[in-house]
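With mmCIF, C-alpha atoms; chains and numbers go by the auth columns inside, this is model29.cif:
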data_input
loop_
_atom_site.group_PDB
_atom_site.id
_atom_site.type_symbol
_atom_site.label_atom_id
_atom_site.label_comp_id
_atom_site.label_asym_id
_atom_site.label_seq_id
_atom_site.Cartn_x
_atom_site.Cartn_y
_atom_site.Cartn_z
_atom_site.B_iso_or_equiv
_atom_site.auth_seq_id
_atom_site.auth_asym_id
ATOM 1 C CA MET A 1 3.143 -8.752 -9.391 0.00 1 A
ATOM 2 C CA PRO A 2 3.014 -12.572 -9.651 0.00 2 A
ATOM 3 C CA PHE A 3 -0.116 -14.025 -8.098 0.00 3 A
ATOM 4 C CA HIS A 4 -1.762 -17.374 -7.414 0.00 4 A
ATOM 5 C CA LEU A 5 -5.545 -17.572 -7.135 0.00 5 A
ATOM 6 C CA ARG A 6 -7.690 -20.506 -6.042 0.00 6 A
ATOM 7 C CA THR A 7 -11.480 -20.518 -6.034 0.00 7 A
ATOM 8 C CA ASN A 8 -12.987 -23.113 -3.692 0.00 8 A
ATOM 9 C CA LEU A 9 -16.597 -24.256 -3.726 0.00 9 A
ATOM 10 C CA PHE A 10 -17.709 -26.404 -0.784 0.00 10 A
ATOM 11 C CA GLY A 11 -14.054 -26.985 0.072 0.00 11 A
ATOM 12 C CA VAL A 12 -13.139 -28.217 -3.418 0.00 12 A
ATOM 13 C CA THR A 13 -10.860 -26.213 -5.711 0.00 13 A
ATOM 14 C CA ALA A 14 -12.992 -25.299 -8.734 0.00 14 A
ATOM 15 C CA PHE A 15 -10.537 -22.920 -10.393 0.00 15 A
ATOM 16 C CA GLU A 16 -6.818 -22.171 -10.055 0.00 16 A
ATOM 17 C CA LEU A 17 -4.643 -19.628 -11.842 0.00 17 A
ATOM 18 C CA LYS A 18 -1.035 -18.442 -11.649 0.00 18 A
ATOM 19 C CA ASN A 19 -0.206 -15.301 -13.598 0.00 19 A
ATOM 20 C CA LEU A 20 1.211 -11.778 -13.466 0.00 20 A
ATOM 21 C CA ILE A 21 -0.672 -8.517 -13.037 0.00 21 A
ATOM 22 C CA ASN A 22 0.850 -5.117 -13.743 0.00 22 A
ATOM 23 C CA PRO A 23 0.249 -1.861 -11.804 0.00 23 A
ATOM 24 C CA PHE A 24 -3.058 -0.097 -12.560 0.00 24 A
ATOM 25 C CA GLU A 25 -4.163 -3.019 -14.689 0.00 25 A
ATOM 26 C CA ASP A 26 -7.484 -4.866 -14.644 0.00 26 A
ATOM 27 C CA PHE A 27 -7.259 -8.633 -14.948 0.00 27 A
ATOM 28 C CA TYR A 28 -10.114 -10.904 -16.029 0.00 28 A
ATOM 29 C CA LEU A 29 -10.083 -14.107 -13.989 0.00 29 A
ATOM 30 C CA HIS A 30 -13.002 -16.412 -14.669 0.00 30 A
ATOM 31 C CA ASP A 31 -16.777 -16.801 -14.570 0.00 31 A
ATOM 32 C CA ILE A 32 -18.684 -18.518 -11.779 0.00 32 A
ATOM 33 C CA PRO A 33 -22.087 -20.049 -12.565 0.00 33 A
ATOM 34 C CA PHE A 34 -24.799 -18.145 -10.709 0.00 34 A
ATOM 35 C CA ALA A 35 -26.060 -21.338 -9.070 0.00 35 A
ATOM 36 C CA ASP A 36 -22.630 -21.891 -7.494 0.00 36 A
ATOM 37 C CA LEU A 37 -22.904 -18.667 -5.517 0.00 37 A
ATOM 38 C CA ASN A 38 -24.987 -20.633 -3.008 0.00 38 A
ATOM 39 C CA ASP A 39 -21.897 -22.733 -2.269 0.00 39 A
ATOM 40 C CA ASN A 40 -20.147 -19.973 -0.280 0.00 40 A
ATOM 41 C CA PRO A 41 -17.215 -19.476 -2.686 0.00 41 A
ATOM 42 C CA VAL A 42 -13.821 -18.837 -1.104 0.00 42 A
ATOM 43 C CA PHE A 43 -11.134 -16.972 -3.043 0.00 43 A
ATOM 44 C CA GLU A 44 -7.582 -17.635 -1.818 0.00 44 A
ATOM 45 C CA PHE A 45 -5.027 -15.155 -3.106 0.00 45 A
ATOM 46 C CA GLU A 46 -1.234 -15.241 -2.837 0.00 46 A
ATOM 47 C CA SER A 47 1.152 -12.662 -4.253 0.00 47 A
ATOM 48 C CA SER A 48 4.858 -11.856 -4.254 0.00 48 A
ATOM 49 C CA LEU A 49 7.118 -9.063 -5.445 0.00 49 A
ATOM 50 C CA VAL A 50 8.552 -8.943 -8.968 0.00 50 A
ATOM 51 C CA GLN A 51 11.692 -7.282 -7.627 0.00 51 A
ATOM 52 C CA PRO A 52 12.812 -8.089 -4.049 0.00 52 A
ATOM 53 C CA ASP A 53 12.623 -5.162 -1.647 0.00 53 A
ATOM 54 C CA LYS A 54 14.537 -5.366 1.622 0.00 54 A
ATOM 55 C CA LYS A 55 11.789 -3.358 3.333 0.00 55 A
ATOM 56 C CA LYS A 56 8.877 -5.437 2.060 0.00 56 A
ATOM 57 C CA ALA A 57 7.683 -8.951 2.875 0.00 57 A
ATOM 58 C CA ASP A 58 8.511 -11.525 0.198 0.00 58 A
ATOM 59 C CA PHE A 59 5.025 -13.024 0.274 0.00 59 A
ATOM 60 C CA TYR A 60 1.437 -11.977 0.953 0.00 60 A
ATOM 61 C CA GLU A 61 -1.655 -14.147 1.422 0.00 61 A
ATOM 62 C CA SER A 62 -5.300 -13.214 1.822 0.00 62 A
ATOM 63 C CA SER A 63 -8.679 -14.845 1.336 0.00 63 A
ATOM 64 C CA LEU A 64 -12.232 -13.733 0.701 0.00 64 A
ATOM 65 C CA LYS A 65 -15.227 -15.855 1.689 0.00 65 A
ATOM 66 C CA LEU A 66 -18.549 -14.797 0.212 0.00 66 A
ATOM 67 C CA LYS A 67 -21.627 -15.985 2.040 0.00 67 A
ATOM 68 C CA ALA A 68 -24.646 -16.391 -0.188 0.00 68 A
ATOM 69 C CA LYS A 69 -26.880 -14.086 1.878 0.00 69 A
ATOM 70 C CA GLN A 70 -24.328 -11.266 1.851 0.00 70 A
ATOM 71 C CA LEU A 71 -23.619 -11.711 -1.839 0.00 71 A
ATOM 72 C CA PHE A 72 -27.259 -11.569 -2.892 0.00 72 A
ATOM 73 C CA ALA A 73 -27.730 -8.458 -0.715 0.00 73 A
ATOM 74 C CA LYS A 74 -24.831 -6.878 -2.610 0.00 74 A
ATOM 75 C CA ILE A 75 -26.437 -7.789 -5.925 0.00 75 A
ATOM 76 C CA GLU A 76 -29.686 -6.125 -4.831 0.00 76 A
ATOM 77 C CA GLU A 77 -27.722 -3.006 -3.867 0.00 77 A
ATOM 78 C CA VAL A 78 -26.120 -2.930 -7.319 0.00 78 A
ATOM 79 C CA LYS A 79 -29.565 -3.142 -8.953 0.00 79 A
ATOM 80 C CA GLU A 80 -31.079 -0.446 -6.737 0.00 80 A
ATOM 81 C CA LYS A 81 -28.192 1.991 -7.300 0.00 81 A
ATOM 82 C CA ASN A 82 -27.849 1.083 -10.989 0.00 82 A
ATOM 83 C CA LEU A 83 -24.177 0.229 -10.602 0.00 83 A
ATOM 84 C CA ALA A 84 -22.160 -1.650 -13.190 0.00 84 A
ATOM 85 C CA THR A 85 -20.012 -3.638 -10.753 0.00 85 A
ATOM 86 C CA PHE A 86 -19.093 -4.131 -7.124 0.00 86 A
ATOM 87 C CA SER A 87 -15.739 -5.083 -5.648 0.00 87 A
ATOM 88 C CA TYR A 88 -13.929 -6.249 -2.510 0.00 88 A
ATOM 89 C CA TYR A 89 -10.410 -5.319 -1.424 0.00 89 A
ATOM 90 C CA LEU A 90 -7.984 -8.195 -0.911 0.00 90 A
ATOM 91 C CA PHE A 91 -5.334 -5.771 0.325 0.00 91 A
ATOM 92 C CA GLU A 92 -4.304 -2.158 -0.234 0.00 92 A
ATOM 93 C CA LYS A 93 -0.611 -2.161 0.672 0.00 93 A
ATOM 94 C CA HIS A 94 2.002 -4.883 0.427 0.00 94 A
ATOM 95 C CA PRO A 95 3.205 -5.537 4.009 0.00 95 A
ATOM 96 C CA ASP A 96 6.609 -4.567 5.355 0.00 96 A
ATOM 97 C CA LYS A 97 9.192 -7.048 6.558 0.00 97 A
ATOM 98 C CA LEU A 98 9.756 -7.637 10.235 0.00 98 A
ATOM 99 C CA PHE A 99 11.365 -4.573 11.773 0.00 99 A
ATOM 100 C CA GLU A 100 14.644 -5.314 13.444 0.00 100 A
ATOM 101 C CA ASP A 101 17.390 -3.287 14.979 0.00 101 A
ATOM 102 C CA THR A 102 21.009 -4.193 15.644 0.00 102 A
ATOM 103 C CA ILE A 103 22.990 -3.246 18.709 0.00 103 A
ATOM 104 C CA ALA A 104 26.230 -4.310 20.315 0.00 104 A
ATOM 105 C CA THR A 105 26.623 -4.399 24.071 0.00 105 A
ATOM 106 C CA GLY A 106 29.094 -5.929 26.452 0.00 106 A
ATOM 107 C CA GLY A 107 26.643 -8.621 27.445 0.00 107 A
ATOM 108 C CA LEU A 108 25.536 -9.539 23.920 0.00 108 A
ATOM 109 C CA ALA A 109 27.404 -10.780 20.909 0.00 109 A
ATOM 110 C CA LYS A 110 28.128 -8.217 18.219 0.00 110 A
ATOM 111 C CA GLY A 111 25.265 -7.906 15.777 0.00 111 A
ATOM 112 C CA TYR A 112 22.714 -9.404 18.184 0.00 112 A
ATOM 113 C CA LYS A 113 19.196 -8.700 16.899 0.00 113 A
ATOM 114 C CA VAL A 114 16.769 -6.913 19.201 0.00 114 A
ATOM 115 C CA TYR A 115 13.061 -6.530 18.466 0.00 115 A
ATOM 116 C CA ASN A 116 10.733 -3.854 19.771 0.00 116 A
ATOM 117 C CA VAL A 117 7.716 -5.929 20.751 0.00 117 A
ATOM 118 C CA LYS A 118 5.264 -3.032 20.531 0.00 118 A
ATOM 119 C CA GLU A 119 6.294 -2.158 17.003 0.00 119 A
ATOM 120 C CA ALA A 120 7.385 -5.504 15.574 0.00 120 A
ATOM 121 C CA ARG A 121 3.894 -6.917 15.022 0.00 121 A
ATOM 122 C CA GLN A 122 3.072 -4.040 12.679 0.00 122 A
ATOM 123 C CA HIS A 123 5.912 -5.114 10.387 0.00 123 A
ATOM 124 C CA LEU A 124 5.328 -8.855 10.379 0.00 124 A
ATOM 125 C CA GLU A 125 4.063 -10.701 7.357 0.00 125 A
ATOM 126 C CA PRO A 126 0.279 -11.099 7.528 0.00 126 A
ATOM 127 C CA PRO A 127 -0.722 -14.220 9.468 0.00 127 A
ATOM 128 C CA ARG A 128 -1.950 -17.327 7.713 0.00 128 A
ATOM 129 C CA SER A 129 -5.017 -19.035 9.058 0.00 129 A
ATOM 130 C CA VAL A 130 -4.197 -22.078 6.896 0.00 130 A
ATOM 131 C CA ILE A 131 -0.770 -23.526 6.042 0.00 131 A
ATOM 132 C CA ASP A 132 -0.731 -25.840 3.021 0.00 132 A
ATOM 133 C CA LEU A 133 2.295 -28.154 3.279 0.00 133 A
ATOM 134 C CA TYR A 134 1.799 -30.098 0.056 0.00 134 A
ATOM 135 C CA ALA A 135 5.213 -30.203 -1.622 0.00 135 A
ATOM 136 C CA GLU A 136 3.936 -28.741 -4.903 0.00 136 A
ATOM 137 C CA LYS A 137 2.720 -25.693 -2.996 0.00 137 A
ATOM 138 C CA LEU A 138 6.164 -25.065 -1.491 0.00 138 A
ATOM 139 C CA THR A 139 8.513 -25.435 -4.455 0.00 139 A
ATOM 140 C CA ASP A 140 8.326 -25.933 -8.219 0.00 140 A
ATOM 141 C CA ASP A 141 11.228 -28.436 -8.017 0.00 141 A
ATOM 142 C CA TRP A 142 9.540 -30.853 -5.620 0.00 142 A
ATOM 143 C CA ARG A 143 9.720 -33.750 -8.123 0.00 143 A
ATOM 144 C CA HIS A 144 13.520 -33.635 -7.939 0.00 144 A
ATOM 145 C CA LEU A 145 13.639 -33.829 -4.132 0.00 145 A
ATOM 146 C CA SER A 146 14.007 -36.958 -2.046 0.00 146 A
ATOM 147 C CA ASN A 147 11.348 -37.883 0.505 0.00 147 A
ATOM 148 C CA TYR A 148 13.681 -36.713 3.263 0.00 148 A
ATOM 149 C CA GLU A 149 14.262 -33.347 1.559 0.00 149 A
ATOM 150 C CA ILE A 150 10.531 -32.838 1.058 0.00 150 A
ATOM 151 C CA LEU A 151 9.783 -33.673 4.686 0.00 151 A
ATOM 152 C CA SER A 152 12.518 -31.308 5.876 0.00 152 A
ATOM 153 C CA LEU A 153 11.124 -28.486 3.710 0.00 153 A
ATOM 154 C CA GLN A 154 7.608 -29.135 4.978 0.00 154 A
ATOM 155 C CA LEU A 155 8.678 -29.086 8.629 0.00 155 A
ATOM 156 C CA LYS A 156 10.741 -25.936 8.141 0.00 156 A
ATOM 157 C CA THR A 157 7.783 -24.189 6.499 0.00 157 A
ATOM 158 C CA PHE A 158 5.493 -25.359 9.287 0.00 158 A
ATOM 159 C CA GLY A 159 7.911 -24.005 11.905 0.00 159 A
ATOM 160 C CA ASN A 160 8.168 -20.606 10.218 0.00 160 A
ATOM 161 C CA TYR A 161 4.427 -20.056 9.977 0.00 161 A
ATOM 162 C CA TYR A 162 3.781 -21.565 13.389 0.00 162 A
ATOM 163 C CA GLU A 163 6.034 -18.887 14.901 0.00 163 A
ATOM 164 C CA LEU A 164 4.345 -16.224 12.782 0.00 164 A
ATOM 165 C CA ALA A 165 0.969 -17.338 14.165 0.00 165 A
ATOM 166 C CA LEU A 166 2.286 -16.947 17.710 0.00 166 A
ATOM 167 C CA ALA A 167 3.720 -13.517 16.948 0.00 167 A
ATOM 168 C CA HIS A 168 0.273 -12.416 15.760 0.00 168 A
ATOM 169 C CA LEU A 169 -1.404 -14.033 18.794 0.00 169 A
ATOM 170 C CA GLN A 170 -3.664 -16.081 16.548 0.00 170 A
ATOM 171 C CA PRO A 171 -6.287 -18.149 18.391 0.00 171 A
ATOM 172 C CA SER A 172 -5.928 -21.079 15.995 0.00 172 A
ATOM 173 C CA LEU A 173 -4.131 -22.385 12.942 0.00 173 A
ATOM 174 C CA ILE A 174 -4.991 -25.075 10.382 0.00 174 A
ATOM 175 C CA VAL A 175 -2.095 -27.147 9.013 0.00 175 A
ATOM 176 C CA VAL A 176 -2.813 -29.074 5.799 0.00 176 A
ATOM 177 C CA HIS A 177 -0.517 -32.113 5.775 0.00 177 A
ATOM 178 C CA GLY A 178 -2.489 -34.545 3.635 0.00 178 A
ATOM 179 C CA LEU A 179 -3.016 -38.225 4.308 0.00 179 A
ATOM 180 C CA GLY A 180 -0.391 -40.455 2.695 0.00 180 A
ATOM 181 C CA LYS A 181 1.437 -42.636 5.231 0.00 181 A
ATOM 182 C CA GLY A 182 0.972 -40.038 7.965 0.00 182 A
ATOM 183 C CA ARG A 183 4.691 -39.294 8.465 0.00 183 A
ATOM 184 C CA LEU A 184 4.326 -35.509 8.203 0.00 184 A
ATOM 185 C CA ARG A 185 1.206 -35.523 10.388 0.00 185 A
ATOM 186 C CA ASP A 186 2.951 -37.585 13.067 0.00 186 A
ATOM 187 C CA GLU A 187 6.041 -35.344 13.041 0.00 187 A
ATOM 188 C CA ILE A 188 3.869 -32.243 13.482 0.00 188 A
ATOM 189 C CA HIS A 189 1.826 -33.843 16.264 0.00 189 A
ATOM 190 C CA ASP A 190 5.021 -34.804 18.111 0.00 190 A
ATOM 191 C CA ILE A 191 6.143 -31.159 17.952 0.00 191 A
ATOM 192 C CA LEU A 192 2.775 -29.858 19.148 0.00 192 A
ATOM 193 C CA ARG A 193 2.753 -32.150 22.186 0.00 193 A
ATOM 194 C CA LEU A 194 5.866 -30.376 23.476 0.00 194 A
ATOM 195 C CA ARG A 195 4.737 -26.787 22.943 0.00 195 A
ATOM 196 C CA LYS A 196 3.297 -25.096 26.033 0.00 196 A
ATOM 197 C CA GLU A 197 1.364 -22.518 24.004 0.00 197 A
ATOM 198 C CA VAL A 198 -0.699 -25.290 22.375 0.00 198 A
ATOM 199 C CA LYS A 199 -3.991 -25.598 24.205 0.00 199 A
ATOM 200 C CA SER A 200 -5.149 -28.488 22.039 0.00 200 A
ATOM 201 C CA PHE A 201 -5.001 -29.855 18.508 0.00 201 A
ATOM 202 C CA VAL A 202 -7.275 -32.145 16.562 0.00 202 A
ATOM 203 C CA ASN A 203 -7.120 -34.110 13.320 0.00 203 A
ATOM 204 C CA GLN A 204 -10.761 -34.635 12.443 0.00 204 A
ATOM 205 C CA TYR A 205 -12.892 -34.413 9.320 0.00 205 A
ATOM 206 C CA HIS A 206 -12.924 -30.953 7.769 0.00 206 A
ATOM 207 C CA SER A 207 -15.316 -29.948 4.972 0.00 207 A
ATOM 208 C CA GLN A 208 -12.450 -28.483 2.933 0.00 208 A
ATOM 209 C CA PHE A 209 -9.518 -30.784 3.757 0.00 209 A
ATOM 210 C CA GLY A 210 -11.130 -34.075 4.738 0.00 210 A
ATOM 211 C CA TYR A 211 -8.897 -35.852 7.273 0.00 211 A
ATOM 212 C CA GLY A 212 -5.769 -34.274 5.809 0.00 212 A
ATOM 213 C CA ALA A 213 -5.469 -31.316 8.199 0.00 213 A
ATOM 214 C CA THR A 214 -4.821 -30.635 11.866 0.00 214 A
ATOM 215 C CA GLU A 215 -6.351 -27.631 13.638 0.00 215 A
ATOM 216 C CA ILE A 216 -4.271 -26.119 16.441 0.00 216 A
ATOM 217 C CA TYR A 217 -5.732 -23.997 19.263 0.00 217 A
ATOM 218 C CA PHE A 218 -3.400 -21.678 21.151 0.00 218 A
ATOM 219 C CA GLN A 219 -3.364 -20.294 24.680 0.00 219 A
ATOM 220 C CA TYR A 220 -1.451 -17.180 25.749 0.00 220 A
#

Starting from the file, give its structure as structure tokens.
Amino acid sequence: MPFHLRTNLFGVTAFELKNLINPFEDFYLHDIPFADLNDNPVFEFESSLVQPDKKKADFYESSLKLKAKQLFAKIEEVKEKNLATFSYYLFEKHPDKLFEDTIATGGLAKGYKVYNVKEARQHLEPPRSVIDLYAEKLTDDWRHLSNYEILSLQLKTFGNYYELALAHLQPSLIVVHGLGKGRLRDEIHDILRLRKEVKSFVNQYHSQFGYGATEIYFQY
């Protein structure tokens, strides 16, 4: 399983690794200085399938935020019970793809897709609380793309995960667009102004992203 791990301390990426882990295999990542555990480390984990599976989602994302108080309590528990290690689950099962069914009726075009609302959410990709739209996060070939192609890819990615957030009834979503000349930010803000499910959105200073992110709040 290919994976991408980022360790953030106080909103700054302190460690990043892309690699492959095999089934039933332990994988050593990196050390964190004990003093840095006070900085509420956040582990962001992304994975994908080695072989595509039509029943499984192509991509999975999860994150783990360790608060210092909780972490030190866990360390005390390890000492009291004389344990060698402790662990946290990032996920147990790779998620399924969106469930869809196909029917043909007189009133609908042949092959029209119909979704069972009650069941569909169970088969969606996991929601993302943060969307990172930096070009290098979206494709390895970003250096060979024109500015227009990069912007188009960024907006398409934003649209896909925006709709996923709505499908999961998320209360909010953070979109990381960076600073630059503000073209991507402005395009996204123009879209948000026209969406009725957007209660509000704000581009203010964030401890992790500076002024390079917009937080969206939804209403249903």

### Query
So which residues get picked by the PyMOL selection byres ((chain A and resi 173-190) around 8) here, written as number ranges by chain?
A: 128-134, 151, 154-155, 158, 162, 165, 170-172, 191-194, 209, 211-217

Selection file, C-alpha atoms, as a JSON list (two decimals), keeping the file's coordinate frame:
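Everything below was put into selection.json:
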[["chain", "number", "residue", "atom", "x", "y", "z"],
["A", 128, "ARG", "CA", -1.95, -17.33, 7.71],
["A", 129, "SER", "CA", -5.02, -19.04, 9.06],
["A", 130, "VAL", "CA", -4.20, -22.08, 6.90],
["A", 131, "ILE", "CA", -0.77, -23.53, 6.04],
["A", 132, "ASP", "CA", -0.73, -25.84, 3.02],
["A", 133, "LEU", "CA", 2.30, -28.15, 3.28],
["A", 134, "TYR", "CA", 1.80, -30.10, 0.06],
["A", 151, "LEU", "CA", 9.78, -33.67, 4.69],
["A", 154, "GLN", "CA", 7.61, -29.14, 4.98],
["A", 155, "LEU", "CA", 8.68, -29.09, 8.63],
["A", 158, "PHE", "CA", 5.49, -25.36, 9.29],
["A", 162, "TYR", "CA", 3.78, -21.56, 13.39],
["A", 165, "ALA", "CA", 0.97, -17.34, 14.16],
["A", 170, "GLN", "CA", -3.66, -16.08, 16.55],
["A", 171, "PRO", "CA", -6.29, -18.15, 18.39],
["A", 172, "SER", "CA", -5.93, -21.08, 16.00],
["A", 191, "ILE", "CA", 6.14, -31.16, 17.95],
["A", 192, "LEU", "CA", 2.78, -29.86, 19.15],
["A", 193, "ARG", "CA", 2.75, -32.15, 22.19],
["A", 194, "LEU", "CA", 5.87, -30.38, 23.48],
["A", 209, "PHE", "CA", -9.52, -30.78, 3.76],
["A", 211, "TYR", "CA", -8.90, -35.85, 7.27],
["A", 212, "GLY", "CA", -5.77, -34.27, 5.81],
["A", 213, "ALA", "CA", -5.47, -31.32, 8.20],
["A", 214, "THR", "CA", -4.82, -30.64, 11.87],
["A", 215, "GLU", "CA", -6.35, -27.63, 13.64],
["A", 216, "ILE", "CA", -4.27, -26.12, 16.44],
["A", 217, "TYR", "CA", -5.73, -24.00, 19.26]]

### Query
Please, which residues are within 12 Å of (-8.2, -2.2, -10.1) by the file's coordinates, counting only C-alpha atoms, and could they come as a PyMOL selection string?
chain A and resi 21-28+85-92

### Task
For the file shown, report as a ChimeraX atom specification the outcome of the PyMOL selection byres ((chain A and resi 15) around 9) at residue level.
/A:5-8,13-14,16-17,30

Limited to C-alpha atoms, could you put the picked residues into a file as a PDB file, in the frame of the given file?
ATOM      1  CA  LEU A   5      -5.545 -17.572  -7.135  1.00  0.00           C
ATOM      2  CA  ARG A   6      -7.690 -20.506  -6.042  1.00  0.00           C
ATOM      3  CA  THR A   7     -11.480 -20.518  -6.034  1.00  0.00           C
ATOM      4  CA  ASN A   8     -12.987 -23.113  -3.692  1.00  0.00           C
ATOM      5  CA  THR A  13     -10.860 -26.213  -5.711  1.00  0.00           C
ATOM      6  CA  ALA A  14     -12.992 -25.299  -8.734  1.00  0.00           C
ATOM      7  CA  GLU A  16      -6.818 -22.171 -10.055  1.00  0.00           C
ATOM      8  CA  LEU A  17      -4.643 -19.628 -11.842  1.00  0.00           C
ATOM      9  CA  HIS A  30     -13.002 -16.412 -14.669  1.00  0.00           C
TER      10      HIS A  30
END

### Query
Nearest to A:Ser62 among A:Leu20, A:Leu83, A:Val42, A:Leu153, with distances taken over only C-alpha atoms: which residue is it?
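Among the listed residues, A:Val42 lies closest to A:Ser62.
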
### Task
Taking the file above as input, evaluate the PyMOL selection byres ((chain A and resi 167) around 9) and report the hits as an MDAnalysis selection string.
chainID A and resid 120:121 124 127 162:166 168:170

Dump as a PDB file, keeping the file's coordinate frame, selection limited to C-alpha atoms:
ATOM      1  CA  ALA A 120       7.385  -5.504  15.574  1.00  0.00           C
ATOM      2  CA  ARG A 121       3.894  -6.917  15.022  1.00  0.00           C
ATOM      3  CA  LEU A 124       5.328  -8.855  10.379  1.00  0.00           C
ATOM      4  CA  PRO A 127      -0.722 -14.220   9.468  1.00  0.00           C
ATOM      5  CA  TYR A 162       3.781 -21.565  13.389  1.00  0.00           C
ATOM      6  CA  GLU A 163       6.034 -18.887  14.901  1.00  0.00           C
ATOM      7  CA  LEU A 164       4.345 -16.224  12.782  1.00  0.00           C
ATOM      8  CA  ALA A 165       0.969 -17.338  14.165  1.00  0.00           C
ATOM      9  CA  LEU A 166       2.286 -16.947  17.710  1.00  0.00           C
ATOM     10  CA  HIS A 168       0.273 -12.416  15.760  1.00  0.00           C
ATOM     11  CA  LEU A 169      -1.404 -14.033  18.794  1.00  0.00           C
ATOM     12  CA  GLN A 170      -3.664 -16.081  16.548  1.00  0.00           C
TER      13      GLN A 170
END

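With atom CA of A:Gly159 on one side and atom CA of A:Arg195 on the other, the separation reads 11.8 Å.
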
### Query
Quick one: residues within 7 Å of A:Tyr60, only C-alpha atoms counted, chain neighbours fewer than 2 positions away excluded, as a ChimeraX atom specification?
/A:46-48,62,126

### Query
What gap, in Å, lies between atom CA of A:Lys137 and atom CA of A:Val12?
16.1 Å

### Task
May I ask which of the residues A:Ile150, A:Leu9, A:Leu37, A:Ala57 is the closest one to A:Leu71, counting all atoms listed in the file?
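Comparing A:Ile150, A:Leu9, A:Leu37, A:Ala57 against A:Leu71, the winner is A:Leu37.
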
### Query
When distances are computed from all atoms listed in the file, which of A:Lys56, A:Gln208, A:Glu77, A:Lys156 shows the smallest separation from A:Asn40?
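When distances to A:Asn40 are compared using all atoms listed in the file, the smallest one comes from A:Gln208.
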
### Message
Please list as an MDAnalysis selection string every residue within 7 Å of A:Glu197, counting only C-alpha atoms and excluding residues in the same chain fewer than 2 positions away.
### Response
chainID A and resid 195 199 218:220

### Summary
From atom CA of A:Lys65 to atom CA of A:Phe43 the spacing works out at 6.4 Å
